[in-house]
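Enquirer: Below is one structure. I have some questions about it.
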Amino acid sequence: MPRRRDVDAYAYRRARAQLLAHSDVCALCGHAGATTADHDIPVSRGGTHGLDNLVPAHGTEGCPVCGRCCNQEKGDKTLTEFRAGRLNTSVDWYAGPEANGL
Ligand SMILES: [Zn+2]
Ligand SMILES: [Zn+2]
């Protein structure tokens with residue numbers, strides 16, 4: 001991890017704590033129980049660790065409801081790109097969430 005600065009890690013942890021204290025509803029799957037803060041605009045693409053660039057998301061332990069590891073699924077997409085991309089998956093959204101096991 002080159003050029004990762006401690007001050008960034010601190011800023012991120014503090015913002016994450018504030019964010020999750022406010023809401024733990026995952027911005028990616030919509031279920032509660034989010035344990036981490038994902039960047040709307042990834043840091044690698046110029047995003048900041050500010051609260052306005054962070055959204056609650058499920059981390060490596062996954063969502064207790066749908067089982068997704070939302071933070072990892074999102075990868076380096078922005079939140080908008082992630083949501084748009086889900087519309088192009090093989091999932092048949094017209095069948096509704098139950099039919100797709102979501
Ligand atoms: Zn989630
Ligand atoms: Zn979920």
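Identifiers in this document derive from the order of the structure tokens: chains are assigned A, B, ..., residues are numbered from 1 separately in each chain, and ligands are numbered from 1 in order of occurrence.
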Compute the set of protein, DNA and RNA residues whose minimum atom distance to ligand 2 is at most 12 Å, using only C-alpha atoms and all ligand atoms, and state it as JSON, numbers by chain.
Expert: {"A": [24, 25, 26, 27, 28, 29, 30, 31, 32, 33, 34, 35, 56, 57, 58, 59, 61, 62, 63, 64, 65, 66, 67, 68, 69, 70, 71, 73, 97, 101, 102]}
Enquirer: Please write the residues from the selection above to a file, keeping N, CA and C atoms, as a compact mmCIF listing (two decimals), in the first residue's frame.
Expert:
```txt
# COMPACT_ATOMS: atom_id res chain seq x y z
N ASP A 24 -27.15 2.55 10.01
CA ASP A 24 -26.40 1.36 9.60
C ASP A 24 -27.13 0.64 8.47
N VAL A 25 -27.98 1.38 7.76
CA VAL A 25 -28.67 0.80 6.61
C VAL A 25 -27.75 0.87 5.39
N CYS A 26 -27.42 -0.30 4.86
CA CYS A 26 -26.49 -0.39 3.75
C CYS A 26 -27.02 0.35 2.52
N ALA A 27 -26.18 1.17 1.93
CA ALA A 27 -26.60 1.94 0.77
C ALA A 27 -26.63 1.08 -0.49
N LEU A 28 -26.03 -0.09 -0.45
CA LEU A 28 -25.93 -0.92 -1.64
C LEU A 28 -27.04 -1.96 -1.72
N CYS A 29 -27.37 -2.62 -0.62
CA CYS A 29 -28.43 -3.64 -0.67
C CYS A 29 -29.68 -3.21 0.08
N GLY A 30 -29.59 -2.14 0.88
CA GLY A 30 -30.77 -1.61 1.54
C GLY A 30 -31.14 -2.27 2.85
N HIS A 31 -30.30 -3.20 3.33
CA HIS A 31 -30.58 -3.86 4.60
C HIS A 31 -29.77 -3.22 5.73
N ALA A 32 -30.27 -3.36 6.96
CA ALA A 32 -29.56 -2.83 8.11
C ALA A 32 -28.37 -3.73 8.45
N GLY A 33 -27.57 -3.28 9.41
CA GLY A 33 -26.45 -4.09 9.88
C GLY A 33 -25.14 -3.79 9.17
N ALA A 34 -25.05 -2.65 8.49
CA ALA A 34 -23.80 -2.28 7.83
C ALA A 34 -22.69 -2.11 8.87
N THR A 35 -21.51 -2.58 8.54
CA THR A 35 -20.40 -2.53 9.49
C THR A 35 -19.24 -1.69 9.01
N PRO A 56 -23.01 3.87 4.32
CA PRO A 56 -22.92 2.61 5.07
C PRO A 56 -22.94 1.42 4.10
N ALA A 57 -22.13 0.41 4.40
CA ALA A 57 -22.09 -0.78 3.54
C ALA A 57 -21.69 -1.99 4.37
N HIS A 58 -22.06 -3.17 3.87
CA HIS A 58 -21.66 -4.42 4.54
C HIS A 58 -20.23 -4.76 4.14
N GLY A 59 -19.44 -5.12 5.12
CA GLY A 59 -18.04 -5.44 4.87
C GLY A 59 -17.82 -6.92 4.64
N GLU A 61 -17.83 -9.46 6.50
CA GLU A 61 -18.68 -10.49 7.12
C GLU A 61 -20.00 -10.65 6.39
N GLY A 62 -20.31 -9.71 5.51
CA GLY A 62 -21.51 -9.86 4.69
C GLY A 62 -22.76 -9.37 5.38
N CYS A 63 -23.80 -9.24 4.60
CA CYS A 63 -25.10 -8.79 5.09
C CYS A 63 -25.81 -9.93 5.81
N PRO A 64 -26.35 -9.69 7.02
CA PRO A 64 -27.07 -10.76 7.73
C PRO A 64 -28.38 -11.14 7.04
N VAL A 65 -28.88 -10.31 6.16
CA VAL A 65 -30.15 -10.58 5.48
C VAL A 65 -29.93 -11.27 4.12
N CYS A 66 -29.12 -10.65 3.26
CA CYS A 66 -28.97 -11.20 1.91
C CYS A 66 -27.60 -11.84 1.69
N GLY A 67 -26.68 -11.67 2.64
CA GLY A 67 -25.42 -12.38 2.56
C GLY A 67 -24.38 -11.75 1.64
N ARG A 68 -24.68 -10.63 1.04
CA ARG A 68 -23.72 -10.01 0.13
C ARG A 68 -22.62 -9.29 0.90
N CYS A 69 -21.44 -9.28 0.34
CA CYS A 69 -20.35 -8.44 0.86
C CYS A 69 -20.34 -7.18 0.00
N CYS A 70 -21.23 -6.29 0.32
CA CYS A 70 -21.54 -5.17 -0.58
C CYS A 70 -20.32 -4.31 -0.89
N ASN A 71 -19.52 -4.05 0.12
CA ASN A 71 -18.34 -3.20 -0.08
C ASN A 71 -17.43 -3.78 -1.15
N GLU A 73 -18.33 -6.03 -3.49
CA GLU A 73 -19.02 -6.10 -4.78
C GLU A 73 -18.93 -4.77 -5.52
N PRO A 97 -37.87 -9.64 -6.22
CA PRO A 97 -36.74 -10.10 -5.41
C PRO A 97 -36.86 -11.55 -4.94
N GLY A 101 -34.13 -15.02 -5.28
CA GLY A 101 -33.43 -15.42 -4.07
C GLY A 101 -32.73 -14.28 -3.38
N LEU A 102 -33.17 -13.08 -3.61
CA LEU A 102 -32.52 -11.94 -2.98
C LEU A 102 -33.21 -11.62 -1.66
```
Enquirer: Using DSSP secondary structure from the backbone, list all alpha helix (DSSP H) positions within stretch 2-99 of chain A, as JSON, numbers by chain.
Expert: {"A": [6, 7, 8, 9, 10, 11, 12, 13, 14, 15, 16, 17, 18, 19, 20, 21, 22, 70, 71, 72, 73, 74, 79, 80, 81, 82, 83, 84, 85, 86]}
Enquirer: Fewer than 2 positions away in the same chain doesn't count, so skip those; otherwise give me all residues within 12 Å of A:Arg13, counting only C-alpha atoms, as a list of chain:residue names.
Expert: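 What passes the distance filter is A:Asp6, A:Val7, A:Asp8, A:Ala9, A:Tyr10, A:Ala11, A:Ala15, A:Arg16, A:Ala17, A:Gln18, A:Leu19, A:Leu20, A:Thr35, A:Thr36, A:Ala37, A:Asp38, A:His49, A:Gly50, A:Leu51, A:Leu54.
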Enquirer: What does the distance between atom CA of A:Asn53 and atom 1 (Zn, counted along the ligand's line) of ligand 1 come to in Å, to one decimal place?
Expert: 16.8 Å
